[in-house]
Amino acid sequence: MTRQTSRNEAPAGADVATYALGLGDDVLVLAQRLSEWTARAPQLEDDVALLNIALDLVGQARNLLSLAGGRENPGRTEDDLAFWRDETEFRNAQIMELDGGDFGRTIARQFLVSAWHVPLWDGLRASTDPDLAAIAGKAVKEARYHVGYARHWLVRLGDGTPESRRRAQAGLEDVWPYVGELFEPDPVTERLVTAGAAPDPAVIEPVWREAVEAVLAEATLAVPPTVRRPTGGRRGVHTSAFGPLLAQMQHLHRSHPGASW
C-alpha cells in the first residue's frame with residue numbers, strides 16, 4: 001500500500017529538486033527572451049524596464065537552480081545547470097521559450113506569466129520547505145512589479161489605436177494556447193502539494209483567470225478561446241524556437257569553459 005505523505009513531513013529532496021528545476025528553467029529562459037529587447041524596445045525607459053525584469057528573473061533562476069542542484073547532487077551549481085544541459089534536459093514550460101515576436105506579443109506573454117507568478121510565489125511563501133519559502137518571499141515582490149508593468153502596457157496597447165489593439169490581440173491569441181501547461185498536474189507537484197510544500201495548480205488557476213480577465217476587459221481585449229495544444233516542456237519536449245535560443249544563451253560559456261571574470 002502506498003503511504004500518503006503528511007503535511008507535517010519534510011518533502012522528499014528529489015521532488016523539491018525537480019520542482020525547483022522546472023521553475024528555475026522557466027525564469028531563466030524567459031529572462032533570455034526578454035534580454036533580446038535590449039536596444040529594441042519602443043522607448044529607452046522600456047529598454048531599462050525589460051532588462052530589469054530579466055535581471056530579476058535571472059536572480060530567481062540562480063536561487064532555484066542552486067536549490068535544485070544542491071538537492072539533486074551536492075556541488076552541482078546553477079552554472080552547471082544553466083550552461084551544460086542539452087535541450088531535452090530543460091524543464092521549462094513552452095510558453096517561456098516562444099519567440100517574442102513584436103512588442104504586443106512580448107507584453108501579452110509577460111502579463112500572462114507574471115499574473116501566474118504572483119499567486120504561485122505567494123502560495124510558496126507558506127511552503128513547508130524553508131528554501132522554497134525563502135525564494136518565494138523575495139520573488140513575489142518582484143512578480144508584483146512585473147505584472148504591473150505588463151498590465152500597464154497591455155491596457156495601453158489594447159485601448160489605444162486600432163493597430164496597437166490588433167497587435168495586442170494577435171499576440172494574446174498566439175501565446176494563450178500555451179498557458180494550460182502552467183496548470184497541468186503531475187506526480188511531483190501532487191506529492192509536494194500533499195506535503196504542504198507547493199500550492200495546488202488547481203487553486204491557482206481560477207485566481208489567475210479572474211485577474212487576467214479583469215485586465216483584458218479594461219484593455220478592451222477579447223479572452224481567446226481555450227484551445228489546448230500538445231505540451232511537454234516539463235518532460236523535456238520543446239518547440240522549434242528553443243534550440244536557437246539555448247545555443248545563444250550557452251555559446252559564451254561553452255566556448256570558454258572554466259573562464260572567469
# chains A, B, ... in the order shown; residues from 1 in each chain; ligands from 1
>>> residues_around(residues="Pro257 of chain A", least_positions_apart="2", cutoff="12 Å", atoms="only C-alpha atoms", output="NGL selection string")
:A and (79-80 or 83-84 or 250-255 or 259-260)
>>> write_last_selection(atoms="C-alpha atoms", output="short mmCIF file (atom, residue, chain, number, x, y, z; two decimals), in the first residue's frame")
data_model
loop_
_atom_site.label_atom_id
_atom_site.label_comp_id
_atom_site.auth_asym_id
_atom_site.auth_seq_id
_atom_site.Cartn_x
_atom_site.Cartn_y
_atom_site.Cartn_z
CA ASP A 79 26.01 27.47 -13.92
CA ASP A 80 26.27 23.71 -14.46
CA PHE A 83 25.01 26.07 -19.41
CA TRP A 84 25.83 22.37 -19.54
CA GLN A 250 25.14 28.86 -23.78
CA HIS A 251 27.56 29.92 -26.52
CA LEU A 252 29.99 32.01 -24.48
CA HIS A 253 30.18 29.62 -21.54
CA ARG A 254 30.75 26.58 -23.74
CA SER A 255 33.26 28.39 -25.95
CA ALA A 259 36.80 31.08 -17.79
CA SER A 260 36.01 33.64 -15.12
#
>>> residues_around(residues="Thr220 of chain A", least_positions_apart="6", cutoff="9 Å", atoms="only C-alpha atoms", output="PDB file with N, CA and C atoms, in the first residue's frame")
ATOM      1  N   VAL A 155      -2.945  47.362 -21.348  1.00  0.00           N
ATOM      2  CA  VAL A 155      -4.085  48.273 -21.399  1.00  0.00           C
ATOM      3  C   VAL A 155      -3.807  49.404 -22.389  1.00  0.00           C
ATOM      4  N   GLY A 158      -4.069  47.762 -25.884  1.00  0.00           N
ATOM      5  CA  GLY A 158      -5.410  47.293 -26.211  1.00  0.00           C
ATOM      6  C   GLY A 158      -6.414  48.412 -26.362  1.00  0.00           C
ATOM      7  N   ASP A 159      -6.270  49.444 -25.551  1.00  0.00           N
ATOM      8  CA  ASP A 159      -7.222  50.567 -25.578  1.00  0.00           C
ATOM      9  C   ASP A 159      -6.610  51.772 -26.279  1.00  0.00           C
ATOM     10  N   ARG A 165      -4.173  47.828 -30.890  1.00  0.00           N
ATOM     11  CA  ARG A 165      -5.124  46.839 -30.383  1.00  0.00           C
ATOM     12  C   ARG A 165      -5.043  45.548 -31.190  1.00  0.00           C
TER      13      ARG A 165
END
>>> closest_residue(among="A:Val113, A:Ala217, A:Leu65, A:Ala168", to="Gly101 of chain A", atoms="only C-alpha atoms")
A:Ala168
>>> closest_residue(among="A:Ala14, A:Ala39, A:Ile95, A:Ala108", to="Ala68 of chain A", atoms="only C-alpha atoms")
A:Ala14
>>> residues_around(residues="Thr239 of chain A", least_positions_apart="2", cutoff="7 Å", atoms="only C-alpha atoms", output="MDAnalysis selection string")
chainID A and resid 94 241:242
>>> write_last_selection(atoms="N, CA and C atoms", output="PDB file, in the first residue's frame")
ATOM      1  N   GLN A  94       6.624  25.556 -22.158  1.00  0.00           N
ATOM      2  CA  GLN A  94       6.913  26.013 -23.520  1.00  0.00           C
ATOM      3  C   GLN A  94       6.597  27.484 -23.744  1.00  0.00           C
ATOM      4  N   ALA A 241      11.563  26.788 -31.529  1.00  0.00           N
ATOM      5  CA  ALA A 241      12.207  28.060 -31.174  1.00  0.00           C
ATOM      6  C   ALA A 241      13.261  27.895 -30.086  1.00  0.00           C
ATOM      7  N   PHE A 242      13.237  26.766 -29.374  1.00  0.00           N
ATOM      8  CA  PHE A 242      14.084  26.650 -28.183  1.00  0.00           C
ATOM      9  C   PHE A 242      15.544  26.386 -28.515  1.00  0.00           C
TER      10      PHE A 242
END
>>> residues_around(residues="Ser127 of chain A", least_positions_apart="4", cutoff="10 Å", atoms="only C-alpha atoms", output="PyMOL selection string")
chain A and resi 11+121-123+131-134+136+192-193+195-199
>>> write_last_selection(atoms="C-alpha atoms", output="compact mmCIF listing (two decimals), in the first residue's frame")
# COMPACT_ATOMS: atom_id res chain seq x y z
CA PRO A 11 9.01 16.80 1.30
CA TRP A 121 5.07 32.73 -5.30
CA ASP A 122 2.51 33.93 -2.79
CA GLY A 123 1.46 30.33 -2.15
CA ASP A 131 14.34 27.13 0.96
CA LEU A 132 11.37 27.34 -1.39
CA ALA A 133 9.61 29.65 1.07
CA ALA A 134 12.64 31.96 1.27
CA ALA A 136 9.27 32.90 -2.90
CA LEU A 192 4.55 18.43 -2.85
CA VAL A 193 1.01 19.78 -2.55
CA ALA A 195 3.26 17.69 1.87
CA GLY A 196 2.37 21.39 2.03
CA ALA A 197 5.49 22.31 0.06
CA ALA A 198 3.77 23.70 -3.06
CA PRO A 199 0.46 25.40 -3.86
>>> residues_around(residues="Asp56 of chain A", least_positions_apart="5", cutoff="9 Å", atoms="only C-alpha atoms", output="PyMOL selection string")
chain A and resi 27+31+51+61+139+142-143
